[in-house]
Every structure is written in structure tokens, then in C-alpha cells.
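Below: protein_26.cif (mmCIF, C-alpha atoms and all ligand atoms)
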data_entry
#
loop_
_atom_site.label_atom_id
_atom_site.label_comp_id
_atom_site.auth_asym_id
_atom_site.auth_seq_id
_atom_site.Cartn_x
_atom_site.Cartn_y
_atom_site.Cartn_z
CA MET A 1 18.06 -59.35 67.29
CA GLN A 2 17.33 -62.23 69.68
CA GLN A 3 19.34 -64.98 68.07
CA THR A 4 22.75 -65.68 66.60
CA PRO A 5 22.40 -64.81 62.89
CA ARG A 6 21.95 -67.91 60.81
CA ALA A 7 25.04 -67.20 58.70
CA GLU A 8 27.20 -67.39 61.84
CA ARG A 9 25.90 -70.80 62.87
CA LEU A 10 27.45 -74.21 62.38
CA HIS A 11 25.44 -75.95 59.63
CA ILE A 12 24.93 -79.70 60.08
CA VAL A 13 23.08 -81.51 57.28
CA LEU A 14 21.70 -85.07 57.38
CA TYR A 15 21.59 -87.29 54.30
CA GLY A 16 20.42 -90.83 53.70
CA ARG A 17 17.81 -92.89 51.94
CA CYS A 18 14.11 -92.55 52.71
CA ASN A 19 13.33 -94.25 56.04
CA SER A 20 17.00 -94.43 57.05
CA GLY A 21 15.93 -92.55 60.19
CA LYS A 22 17.26 -89.02 59.58
CA SER A 23 14.29 -87.22 61.10
CA THR A 24 14.08 -89.64 64.04
CA LEU A 25 17.79 -89.15 64.75
CA ILE A 26 17.48 -85.36 64.82
CA ASN A 27 14.66 -85.57 67.33
CA SER A 28 16.43 -88.15 69.48
CA TRP A 29 19.81 -86.40 69.47
CA THR A 30 18.54 -82.86 70.12
CA GLY A 31 15.79 -83.97 72.48
CA GLN A 32 13.36 -81.81 70.54
CA ASP A 33 10.48 -82.61 68.27
CA ILE A 34 11.95 -80.92 65.21
CA ALA A 35 11.27 -83.20 62.28
CA LEU A 36 8.24 -85.19 61.19
CA VAL A 37 8.74 -88.95 61.39
CA SER A 38 6.79 -91.76 59.77
CA ASP A 39 7.36 -95.13 58.19
CA THR A 40 6.09 -93.81 54.86
CA PRO A 41 9.14 -93.28 52.66
CA GLY A 42 9.47 -89.67 51.52
CA THR A 43 8.10 -88.10 54.71
CA THR A 44 10.63 -85.27 54.61
CA THR A 45 10.22 -83.41 51.33
CA ASP A 46 11.85 -79.98 51.28
CA PRO A 47 14.88 -79.59 53.53
CA VAL A 48 13.76 -78.81 57.10
CA VAL A 49 15.98 -76.12 58.58
CA LYS A 50 16.11 -75.60 62.33
CA ALA A 51 18.22 -73.18 64.34
CA ILE A 52 19.15 -74.69 67.68
CA GLU A 53 21.68 -74.27 70.51
CA LEU A 54 23.56 -77.48 71.28
CA PRO A 55 25.94 -78.20 74.16
CA HIS A 56 29.61 -78.30 72.99
CA LEU A 57 28.65 -77.02 69.53
CA GLY A 58 26.91 -73.74 70.33
CA ALA A 59 24.61 -72.07 67.81
CA CYS A 60 23.82 -74.54 65.03
CA VAL A 61 21.50 -74.99 62.12
CA ILE A 62 20.36 -78.56 61.54
CA ILE A 63 19.07 -79.43 58.10
CA ASP A 64 16.98 -82.56 57.54
CA THR A 65 16.78 -83.53 53.88
CA ALA A 66 14.59 -85.71 51.69
CA GLY A 67 15.81 -89.27 51.15
CA TYR A 68 18.22 -89.40 48.23
CA ASP A 69 16.47 -92.43 46.78
CA ASP A 70 13.12 -90.61 46.67
CA GLY A 71 11.39 -92.23 43.69
CA SER A 72 8.15 -90.25 43.87
CA GLY A 73 7.05 -87.90 41.10
CA LEU A 74 8.71 -85.03 42.86
CA GLY A 75 11.73 -87.14 43.78
CA GLU A 76 14.11 -85.54 41.34
CA GLN A 77 13.35 -82.02 42.57
CA ARG A 78 13.67 -83.14 46.17
CA VAL A 79 17.01 -84.75 45.50
CA SER A 80 18.27 -81.62 43.80
CA ARG A 81 17.18 -79.56 46.80
CA SER A 82 19.02 -81.96 49.10
CA LEU A 83 22.10 -81.54 46.93
CA ARG A 84 21.81 -77.78 47.04
CA SER A 85 21.70 -77.86 50.84
CA MET A 86 25.27 -79.16 50.69
CA GLU A 87 26.42 -75.71 49.63
CA GLN A 88 25.90 -74.39 53.14
CA ALA A 89 27.05 -77.47 55.10
CA HIS A 90 30.00 -77.49 57.49
CA ILE A 91 29.34 -81.02 58.72
CA ALA A 92 27.32 -83.86 57.19
CA LEU A 93 25.85 -87.02 58.70
CA LEU A 94 25.16 -89.73 56.16
CA LEU A 95 22.80 -92.38 57.51
CA VAL A 96 22.71 -95.98 56.38
CA ALA A 97 20.03 -98.16 57.98
CA ALA A 98 21.59 -101.25 59.56
CA PRO A 99 19.04 -103.69 58.04
CA LEU A 100 20.07 -102.47 54.58
CA VAL A 101 23.69 -103.42 55.27
CA ALA A 102 22.59 -106.71 56.85
CA ARG A 103 20.74 -107.56 53.64
CA GLY A 104 23.95 -106.92 51.68
CA GLU A 105 22.30 -104.31 49.47
CA ASP A 106 24.25 -102.31 46.94
CA LEU A 107 25.77 -99.12 48.40
CA GLY A 108 26.29 -97.27 45.13
CA LEU A 109 24.04 -94.39 46.22
CA GLU A 110 25.98 -93.97 49.44
CA ARG A 111 29.27 -93.92 47.53
CA ALA A 112 27.91 -91.32 45.12
CA TRP A 113 26.73 -89.02 47.92
CA LEU A 114 29.97 -89.43 49.84
CA GLN A 115 31.75 -88.39 46.67
CA GLU A 116 29.58 -85.25 46.39
CA LEU A 117 30.37 -84.37 50.01
CA LYS A 118 34.07 -85.01 49.54
CA GLY A 119 34.08 -82.80 46.43
CA ARG A 120 32.82 -79.94 48.60
CA LYS A 121 35.28 -80.75 51.40
CA ILE A 122 32.48 -81.30 53.93
CA ALA A 123 33.50 -83.19 57.08
CA THR A 124 31.26 -86.28 56.96
CA LEU A 125 30.35 -88.91 59.52
CA VAL A 126 28.66 -92.08 58.28
CA VAL A 127 26.04 -93.28 60.75
CA LEU A 128 24.90 -96.90 60.78
CA SER A 129 21.36 -96.26 62.05
CA GLN A 130 18.57 -98.37 63.58
CA THR A 131 21.05 -100.81 65.16
CA ASP A 132 18.28 -102.11 67.45
CA ARG A 133 16.86 -103.82 64.38
CA VAL A 134 19.89 -106.06 63.72
CA GLU A 135 22.11 -108.64 65.41
CA GLN A 136 25.76 -107.68 65.97
CA PRO A 137 25.74 -104.07 64.81
CA GLU A 138 29.50 -103.75 65.44
CA VAL A 139 30.18 -106.41 62.79
CA LEU A 140 27.92 -104.54 60.36
CA LEU A 141 29.68 -101.26 61.16
CA ALA A 142 33.05 -102.83 60.30
CA GLU A 143 31.56 -104.25 57.11
CA LEU A 144 30.04 -100.88 56.16
CA SER A 145 33.35 -99.09 56.80
CA THR A 146 35.22 -101.55 54.61
CA ARG A 147 32.68 -101.35 51.81
CA LEU A 148 32.75 -97.54 51.82
CA GLY A 149 36.48 -97.26 52.48
CA LEU A 150 36.06 -95.37 55.78
CA SER A 151 38.42 -95.02 58.73
CA ASP A 152 37.31 -95.65 62.35
CA MET A 153 36.85 -91.92 62.89
CA GLN A 154 34.46 -91.60 59.95
CA ALA A 155 31.72 -93.97 61.04
CA LEU A 156 29.70 -94.91 64.11
CA ALA A 157 26.63 -96.99 64.92
CA LEU A 158 23.54 -95.90 66.84
CA SER A 159 19.88 -96.44 67.48
CA ALA A 160 17.66 -93.38 67.70
CA HIS A 161 15.06 -95.54 69.45
CA THR A 162 17.18 -97.04 72.27
CA ARG A 163 19.59 -94.05 72.18
CA GLU A 164 22.55 -96.41 72.22
CA GLY A 165 25.41 -94.63 70.43
CA ILE A 166 23.87 -91.15 70.72
CA SER A 167 26.50 -90.06 73.25
CA GLN A 168 29.27 -91.16 70.84
CA LEU A 169 27.65 -88.99 68.18
CA LYS A 170 27.62 -86.01 70.55
CA ASP A 171 31.32 -86.60 71.31
CA ALA A 172 32.26 -86.97 67.66
CA LEU A 173 30.66 -83.79 66.33
CA PRO A 174 32.86 -81.16 68.03
CA ARG A 175 35.93 -82.93 66.61
CA MET A 176 34.56 -82.38 63.12
CA LEU A 177 34.41 -78.58 63.32
CA PRO A 178 36.27 -76.94 60.42
CA GLU A 179 39.58 -75.53 61.70
CA ASP A 180 38.85 -71.91 60.86
CA PHE A 181 35.20 -72.01 61.96
CA GLY A 182 34.28 -68.82 63.83
CA SER A 183 37.83 -67.43 63.82
CA GLN A 184 37.15 -64.77 61.18
CA THR A 185 36.62 -61.16 62.28
CA ILE A 186 34.91 -58.41 60.30
CA THR A 187 37.20 -55.47 60.99
CA ARG A 188 40.42 -57.51 61.33
CA GLY A 189 43.40 -55.20 61.90
CA LEU A 190 41.61 -52.06 60.68
CA ALA A 191 40.36 -51.14 64.15
CA GLU A 192 41.86 -51.95 67.54
CA ARG A 193 40.92 -51.37 71.15
CA GLY A 194 40.54 -47.66 71.94
CA ASP A 195 40.08 -46.57 68.31
CA VAL A 196 37.24 -44.28 67.31
CA VAL A 197 35.26 -45.72 64.39
CA VAL A 198 32.61 -43.78 62.46
CA LEU A 199 29.78 -45.78 60.91
CA VAL A 200 27.94 -44.08 58.03
CA MET A 201 24.57 -45.76 57.61
CA PRO A 202 22.04 -44.16 55.24
CA GLN A 203 18.46 -44.64 56.41
CA ASP A 204 16.76 -43.99 53.07
CA GLN A 205 13.79 -45.82 51.60
CA SER A 206 15.85 -48.91 50.80
CA ALA A 207 16.67 -49.34 54.53
CA PRO A 208 14.30 -51.61 56.47
CA LYS A 209 11.82 -49.86 58.72
CA GLY A 210 12.69 -49.57 62.41
CA ARG A 211 15.94 -51.53 62.43
CA LEU A 212 19.48 -51.70 61.11
CA ILE A 213 20.60 -54.27 58.57
CA LEU A 214 22.61 -57.29 59.67
CA PRO A 215 26.13 -56.21 58.56
CA GLN A 216 25.68 -52.95 60.49
CA VAL A 217 24.49 -54.79 63.60
CA GLN A 218 27.30 -57.35 63.44
CA THR A 219 29.99 -54.74 62.85
CA THR A 220 28.69 -52.65 65.76
CA ARG A 221 28.73 -55.68 68.03
CA GLU A 222 32.27 -56.63 67.04
CA LEU A 223 33.59 -53.07 67.56
CA LEU A 224 31.96 -52.98 71.01
CA ASP A 225 33.62 -56.31 71.84
CA LYS A 226 36.96 -54.93 70.68
CA GLY A 227 36.65 -51.89 72.93
CA CYS A 228 36.29 -49.29 70.17
CA THR A 229 34.29 -46.08 70.45
CA ILE A 230 31.58 -46.00 67.81
CA VAL A 231 30.07 -42.87 66.27
CA SER A 232 27.04 -43.61 64.11
CA CYS A 233 25.65 -41.19 61.55
CA THR A 234 23.96 -40.87 58.15
CA PRO A 235 25.78 -39.41 55.11
CA ASP A 236 24.21 -35.97 55.61
CA THR A 237 25.30 -35.75 59.26
CA LEU A 238 28.84 -37.10 58.67
CA ALA A 239 30.48 -33.66 58.39
CA HIS A 240 28.92 -32.61 61.68
CA SER A 241 29.91 -35.88 63.38
CA LEU A 242 33.52 -35.55 62.23
CA ALA A 243 33.65 -31.91 63.37
CA SER A 244 32.45 -32.92 66.82
CA LEU A 245 35.38 -35.33 67.34
CA ALA A 246 38.54 -34.13 69.09
CA VAL A 247 40.71 -36.31 66.83
CA PRO A 248 40.06 -37.82 63.39
CA PRO A 249 38.61 -41.33 63.64
CA ARG A 250 40.93 -44.25 62.99
CA LEU A 251 38.41 -45.73 60.57
CA ILE A 252 35.24 -44.74 58.72
CA ILE A 253 32.97 -47.55 57.60
CA THR A 254 30.30 -46.49 55.15
CA ASP A 255 27.48 -48.08 53.25
CA SER A 256 28.97 -48.51 49.77
CA GLN A 257 26.22 -46.48 48.11
CA ALA A 258 27.35 -43.43 50.09
CA PHE A 259 31.01 -43.76 48.99
CA PRO A 260 30.99 -40.73 46.65
CA SER A 261 29.68 -38.35 49.32
CA VAL A 262 31.79 -39.80 52.14
CA TYR A 263 35.17 -39.89 50.41
CA PRO A 264 35.62 -36.08 50.07
CA LEU A 265 34.94 -35.70 53.81
CA LYS A 266 37.52 -38.30 54.91
CA PRO A 267 40.17 -36.74 57.18
CA GLU A 268 43.68 -37.42 55.89
CA GLY A 269 44.70 -39.66 58.78
CA SER A 270 41.56 -41.84 58.70
CA LEU A 271 41.07 -45.12 56.89
CA LEU A 272 37.93 -45.55 54.80
CA THR A 273 36.16 -48.78 53.96
CA SER A 274 32.61 -50.02 53.43
CA PHE A 275 30.43 -52.60 55.08
CA SER A 276 30.28 -54.59 51.88
CA VAL A 277 34.04 -54.49 51.42
CA LEU A 278 34.53 -55.70 55.00
CA PHE A 279 31.98 -58.44 54.47
CA ALA A 280 33.57 -59.37 51.15
CA ALA A 281 36.69 -60.22 53.10
CA TYR A 282 34.79 -61.72 56.05
CA LYS A 283 32.64 -63.94 53.88
CA GLY A 284 34.72 -64.51 50.78
CA ASP A 285 38.07 -63.94 49.17
CA ILE A 286 38.81 -60.23 48.98
CA ASP A 287 41.84 -60.53 46.69
CA LEU A 288 39.87 -62.56 44.19
CA PHE A 289 36.98 -60.08 44.36
CA VAL A 290 39.34 -57.18 43.64
CA GLU A 291 40.83 -59.11 40.73
CA GLY A 292 37.27 -59.83 39.55
CA ALA A 293 36.36 -56.14 39.70
CA ARG A 294 39.31 -55.34 37.47
CA ALA A 295 37.84 -57.74 34.88
CA ILE A 296 35.12 -55.10 34.38
CA GLU A 297 37.71 -53.36 32.20
CA ARG A 298 37.60 -56.27 29.74
CA LEU A 299 33.81 -56.26 29.30
CA THR A 300 32.21 -55.19 26.01
CA ASP A 301 28.66 -54.56 24.77
CA GLN A 302 28.53 -58.28 23.93
CA SER A 303 29.40 -59.43 27.44
CA ARG A 304 27.19 -61.50 29.68
CA VAL A 305 27.18 -60.67 33.40
CA LEU A 306 25.56 -62.67 36.20
CA ILE A 307 24.26 -60.82 39.25
CA ALA A 308 23.74 -63.24 42.16
CA GLU A 309 21.71 -62.22 45.19
CA ALA A 310 21.50 -64.29 48.36
CA CYS A 311 18.18 -62.79 49.46
CA THR A 312 14.90 -63.39 47.74
CA HIS A 313 13.41 -60.11 49.04
CA ALA A 314 11.25 -58.00 46.74
CA PRO A 315 13.58 -55.64 44.91
CA ALA A 316 13.45 -52.07 46.23
CA SER A 317 13.44 -49.18 43.77
CA GLU A 318 17.00 -48.27 44.62
CA ASP A 319 18.11 -51.86 44.52
CA ILE A 320 21.83 -52.05 44.13
CA GLY A 321 22.06 -55.35 42.26
CA ARG A 322 19.04 -55.06 40.01
CA ALA A 323 19.18 -51.35 39.23
CA LYS A 324 22.27 -49.50 40.29
CA ILE A 325 25.04 -51.83 39.08
CA PRO A 326 23.30 -52.73 35.77
CA ALA A 327 22.75 -49.01 35.10
CA LEU A 328 26.42 -48.23 35.69
CA LEU A 329 27.54 -51.14 33.49
CA ARG A 330 25.12 -50.26 30.68
CA LYS A 331 26.15 -46.63 30.79
CA ARG A 332 29.71 -47.76 30.22
CA TYR A 333 29.24 -50.58 27.73
CA GLY A 334 25.89 -49.89 26.07
CA GLN A 335 22.38 -51.28 26.36
CA SER A 336 23.03 -54.49 24.48
CA MET A 337 25.07 -56.20 27.17
CA THR A 338 23.27 -59.13 28.82
CA ILE A 339 22.76 -59.00 32.57
CA ASP A 340 21.10 -62.00 34.23
CA VAL A 341 19.95 -61.91 37.85
CA VAL A 342 19.53 -64.98 40.08
CA SER A 343 18.54 -65.01 43.74
CA GLY A 344 18.44 -67.31 46.74
CA MET A 345 19.76 -70.79 46.08
CA ASP A 346 19.54 -70.39 42.28
CA TYR A 347 23.20 -70.24 41.38
CA PRO A 348 23.88 -72.00 38.07
CA GLU A 349 26.12 -75.07 37.92
CA ASP A 350 27.38 -73.95 34.54
CA LEU A 351 28.87 -70.49 34.80
CA GLY A 352 30.99 -70.76 31.67
CA GLN A 353 28.75 -68.48 29.60
CA TYR A 354 29.47 -65.51 31.87
CA ASP A 355 32.26 -62.97 31.54
CA LEU A 356 31.80 -61.79 35.11
CA ILE A 357 29.82 -62.70 38.23
CA ILE A 358 28.84 -59.97 40.67
CA HIS A 359 27.65 -61.39 43.99
CA CYS A 360 25.78 -59.55 46.72
CA GLY A 361 27.35 -59.12 50.16
CA ALA A 362 25.81 -62.47 51.14
CA CYS A 363 24.85 -61.42 54.66
CA MET A 364 22.35 -64.31 54.68
CA PHE A 365 24.93 -66.92 53.63
CA ASN A 366 27.66 -68.50 55.68
CA ARG A 367 31.31 -68.21 54.67
CA ALA A 368 31.53 -71.85 53.54
CA HIS A 369 28.66 -71.23 51.14
CA VAL A 370 30.24 -68.13 49.61
CA LEU A 371 33.62 -69.85 49.30
CA ARG A 372 31.98 -72.74 47.43
CA ARG A 373 30.37 -70.29 45.01
CA ILE A 374 33.72 -68.60 44.49
CA ALA A 375 35.38 -71.97 43.92
CA ARG A 376 32.76 -72.89 41.31
CA ALA A 377 33.45 -69.63 39.45
CA SER A 378 37.22 -70.02 39.71
CA ASN A 379 37.11 -73.64 38.53
CA GLN A 380 35.31 -72.42 35.40
CA GLN A 381 37.73 -69.50 34.98
CA VAL A 382 34.99 -66.92 35.45
CA PRO A 383 36.00 -63.75 37.33
CA ILE A 384 33.85 -63.05 40.38
CA THR A 385 33.44 -59.93 42.46
CA ASN A 386 30.83 -58.55 44.82
CA TYR A 387 28.55 -55.52 45.00
CA GLY A 388 30.71 -53.42 47.29
CA ILE A 389 33.96 -54.05 45.43
CA CYS A 390 32.25 -53.61 42.06
CA LEU A 391 30.71 -50.26 43.06
CA ALA A 392 34.00 -49.09 44.53
CA TYR A 393 35.63 -49.93 41.21
CA LEU A 394 32.94 -48.37 39.01
CA THR A 395 32.98 -45.16 41.02
CA GLY A 396 36.78 -45.00 40.87
CA ILE A 397 37.54 -45.41 44.57
CA LEU A 398 38.69 -49.01 44.84
CA ASP A 399 42.26 -47.82 45.16
CA LYS A 400 41.34 -45.30 47.84
CA ILE A 401 39.85 -47.66 50.39
CA SER A 402 41.27 -50.06 52.95
CA TYR A 403 40.53 -53.77 53.08
N1 LIG A 501 13.63 -99.58 65.28
C1 LIG A 501 14.00 -98.37 64.89
N2 LIG A 501 13.25 -97.69 64.02
C2 LIG A 501 13.65 -96.46 63.65
C3 LIG A 501 14.85 -95.88 64.14
N3 LIG A 501 14.99 -94.68 63.55
C4 LIG A 501 13.91 -94.51 62.75
N4 LIG A 501 13.10 -95.57 62.82
C5 LIG A 501 11.83 -95.74 62.13
O1 LIG A 501 12.06 -95.67 60.73
C6 LIG A 501 10.98 -95.01 60.07
C7 LIG A 501 11.52 -93.86 59.25
O2 LIG A 501 12.06 -92.89 60.11
P1 LIG A 501 12.26 -91.38 59.66
O3 LIG A 501 13.03 -90.73 60.73
O4 LIG A 501 10.98 -90.78 59.23
O5 LIG A 501 13.19 -91.60 58.39
P2 LIG A 501 13.73 -90.52 57.35
O6 LIG A 501 15.10 -90.94 56.97
O7 LIG A 501 13.58 -89.16 57.91
O8 LIG A 501 12.76 -90.76 56.12
P3 LIG A 501 12.30 -89.75 54.95
O9 LIG A 501 11.87 -88.47 55.57
O10 LIG A 501 11.21 -90.50 54.27
O11 LIG A 501 13.48 -89.56 54.05
C8 LIG A 501 10.03 -94.57 61.17
O12 LIG A 501 8.99 -95.51 61.27
C9 LIG A 501 10.88 -94.59 62.42
O13 LIG A 501 10.17 -94.81 63.60
C10 LIG A 501 15.64 -96.64 65.06
O14 LIG A 501 16.69 -96.22 65.54
N5 LIG A 501 15.16 -97.88 65.40
MG MG A 502 12.53 -87.58 57.24
#

Since I need it in another form, could you write the structure as C-alpha cells?
Amino acid sequence: MQQTPRAERLHIVLYGRCNSGKSTLINSWTGQDIALVSDTPGTTTDPVVKAIELPHLGACVIIDTAGYDDGSGLGEQRVSRSLRSMEQAHIALLLVAAPLVARGEDLGLERAWLQELKGRKIATLVVLSQTDRVEQPEVLLAELSTRLGLSDMQALALSAHTREGISQLKDALPRMLPEDFGSQTITRGLAERGDVVVLVMPQDQSAPKGRLILPQVQTTRELLDKGCTIVSCTPDTLAHSLASLAVPPRLIITDSQAFPSVYPLKPEGSLLTSFSVLFAAYKGDIDLFVEGARAIERLTDQSRVLIAEACTHAPASEDIGRAKIPALLRKRYGQSMTIDVVSGMDYPEDLGQYDLIIHCGACMFNRAHVLRRIARASNQQVPITNYGICLAYLTGILDKISY
């Protein structure tokens, strides 16, 4: 893996009307030709997503969106895609072209989008753009701040053409980083320096060819950083691996599908957990997921369950979300229960019809994104859990593992 995984990157999203200068600003600020620019409104259609390394911010993803006043035939779809890109945002820049403020135009759209951002607790900076096109931009900035009810820290003025104000933007962004950004660890207190950790990673037909999957790679990297000794094996070689160790490992981390075969082999003094359980805590809210798994008990043959996958990959035959979990649920509650599957960014606004949501491990999503999905479920009083916790519950080992 050459690059920082996308889910670990700081996500910065730009919003504004068509022609407010979003794409031009990205190019001017990063010094790269990332986004297409033209004076035709509606140049940017689908969100443009670019992974980039920036001084003082590190590994970022910058997302350029379609103008939120896009009135073209496809405008509505574009706007809804722009809105959906908020789910993954850590920081937002909302551009308002200076000539628009100078003309005294209504700022209702800006207020509405600021409200959307505030609702998702996204740190937002309002940018008065294209200041080279107006007289006295500082007066307009003060006027804009008053009209939108912003403090000094929440707005700045710049011109992407003359680059005046770009350095203030670069200074402002690091101050907007969410407090807990990047502070989360995968294995937390379960493994410390000097511990031996066994990783059980099945390489069956559902595993990608010639590589390990992201949670396995990230966990390995973190354990190496911590100074742990790592023993890697597949479920069928676990007994041999354990026998070859002088002392029992401190921790065994297994793929959740291999739980049933790994648990009987666990030495008494070792802790056992799974990659998906670790990532449930790393990416989401483990206590809520455990509570959600216990809601399985309250399901009936009339229940409606939503399975949400982050990836849009073609389902493999042994697919855990589309085959394994539904089969286990149906075996327990009968064939008539309804199980809907959504993938990628398709996560319904209205979750009220569901009795339970089971989310994948979300290795492709950032933590902010998963937490927003959890919040949406909680706000609608729908229990939510994830694949690993759900499987651990259904196979009766949730109480036997560490998290
Ligand atoms: N004078 C001046 N023109 C600018 C500036 N920034 C952008 N423009 C011009 O404004 C027009 C629109 O710029 P874009 O960057 O494509 O705007 P956008 O917000 O991405 O527009 P959409 O993709 O249509 O939503 C282009 O002709 C740019 O050259 C600026 O700082 N000063
Ligand atoms: Mg654009």
C-alpha cells in the first residue's frame, strides 16, 4: 500500500454556488491542477475527490462539489450528492463570491447550507472569494459576517487569482482540526509493547488475490509501531502456531468468520478479539453496537432489518453481509423477515421502518462518517450494530471476547 488509506485522511469539502470559485480555489491553494475550472456555471458535476498531502495538515482528501444553486436538469441530483459528501467531512469551506455580496443578493442558500453543516457538527470556514473583483473586500467581509452571524474566526477573504488571502487560509485550516482527529488507536489497551499478538487471517476465496485486506494491514502496522511481536496464521495453522510459542500470546485477533474454530483453541491466559470488533470500536461506538446486537433478541419473523455496506464491490459467494448474516437471521426467525441491503453512499435518511441496522466494518469510511450514521440511527431510536459484533452475538461468543 503506497498511500495513507483514504479513511485515515482529513476530509475537507468545498461548498458554494456555481461559479463561486471552488475549483479555482482548490487549484490555487494546493498548487495543483486538480479541478476543472470554467466560467460556465455547473462545471463541477459529481463531487471531485482528490487525495493529497498538504503541509501542516498531512494526508488529506479534498472534495470539490457541484454548486448548490445548480438549476440544470440534473441539478437536484447534483445537490443531493453534494449534501451526501457532508457525511464524510471533517472541515468545510463555504465560498461566497464577493460580487454577490456587493450586489446585496439574498443569502438564504448560504444560511441553509451553513445550517446543514452545523447540524453535522462540521467545522466550517466561510470564504469570501474573488476579492480582486470588488472594491474594499474587508468591508464586504464584515458585512457578510454580520449577515450570516459569523465570528472573526469563521470567515476570511481571498482571491484565488491574485492569491491574496491564500496564506491566511493555510494558517486557518490546522486550527479547525477536530480535537480527537487521528488520536484513536485500533488495539487500544489490548496489546502493549513487548506483547505477542497472533493474527488469524483466513485466505479463502473471499480474500482478495495477492494482498491482505485493509484492517489486517492497518492492525499489523499499528502493532509494529507499538513494539509487539506479531505471529500471522490462517485458521488451519493456528494450533501449530500456538504450539510453537514459548508462552501463550497476550492477544489473538481473528477474522470474525473464523471465530467458531479459533475460540476452542484460545489458551486460557490469552485475550481473543476480532478485526471487525476492533474496527467497530476504532470507527464507531462499540457500546452502542453491543447494545444493538442484543436487540437481535427482540426480532420476529415480521421484523425489517437493514444491512449497510460501505463498499460497492461485487458480492462474493461467501459474502458476510448479503449471505451469512441473513442466513443466520432467517434460520432463527423464519424466511418471512425482511432484510434490505444498501451499499456505498446509499444510507436512507428515514430509518424508522427498521427494527435493526447491521453495518459493515466500514474500512472504507472515516470515523466521522460512521459516527454520523450511528447518530442518525440513534436519533430515530433504531438499534445499530455491525457485522463483527452481530456475528459474535449470533454465534454465542460476544461475551467471550475482549473489546
Ligand atoms: N477574478 C477572479 N475570478 C475567479 C476567481 N476564482 C474563480 N474565478 C473565475 O470564476 C469562474 C468560475 O470558477 P470555478 O472555479 O469554475 O467555480 P466553481 O465554484 O467551481 O463553479 P461550478 O463548478 O460551476 O460550481 C471561472 O471563470 C474562474 O476563472 C478569483 O479569485 N478571481
Ligand atoms: Mg467547480

- Enumerate as a ChimeraX atom specification the residues within 9 Å of ligand LIG 501 (chain A), counting all atoms listed in the file. /A:14-28,35-45,64-70,95,97,129-133,158-164

- Query: Which is closest to Thr300 of chain A among A:Cys390, A:Leu356, A:Arg322, A:Leu271, if we use all atoms listed in the file?
  - Reply: A:Leu356

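Counting from atom CA of Ser206 of chain A, the distance to atom CA of Ala310 of chain A is 16.6 Å.
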
- Message: Counting only C-alpha atoms, which residues have an atom no more than 12 Å from (21.5, -77.8, 71.3) in the file's coordinates? Please list them as a count of residues only.
- Response: 25

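The gap separating atom CA of Ser274 of chain A from atom CA of Pro178 of chain A is 28.1 Å, in Å to one decimal.
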
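Atom CA of Phe289 of chain A lies 10.7 Å from atom CA of Tyr393 of chain A.
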
- Message: Would you pick out the contacts of Tyr333 of chain A at 8 Å or less, using all atoms listed in the file, so that residues sharing its chain but fewer than 3 positions from it are not included, and give the list as a PyMOL selection string?
- Response: chain A and resi 299-301+329-330+337

For segment 33-50 of chain A, take all atoms listed in the file, fit an axis-aligned box around them, add 4 Å to each of the six sides, then output centre and edge lengths in Å rounded to one decimal, as JSON.
{"center_x": 11.1, "center_y": -85.4, "center_z": 59.8, "size_x": 18.0, "size_y": 27.5, "size_z": 25.0}

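Compared by their closest atoms to ligand MG 502 (chain A), and using all atoms listed in the file, the residues A:Gln136, A:Asn379, A:Thr4, A:Ser82 rank with A:Ser82 nearest.
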
- Note on the structure: Closest of A:Val134, A:Val127, A:Val139, A:Met345 to Leu156 of chain A, counting all atoms listed in the file, is A:Val127

- List the neighbours of Val262 of chain A out to 12 Å using all atoms listed in the file; skip same-chain residues closer than 5 positions along the sequence, and give me the result as a PyMOL selection string. chain A and resi 198-202+233-239+242+252-257+267+270-274+397+400-401

- Task: Tell me which protein, DNA and RNA residues are within 12 Å of Gly352 of chain A, counting all atoms listed in the file, leaving out same-chain ones fewer than 4 positions away, and put them as a VMD selection string.
- Result: chain A and resid 304 to 306 348 356 to 357 376 to 384
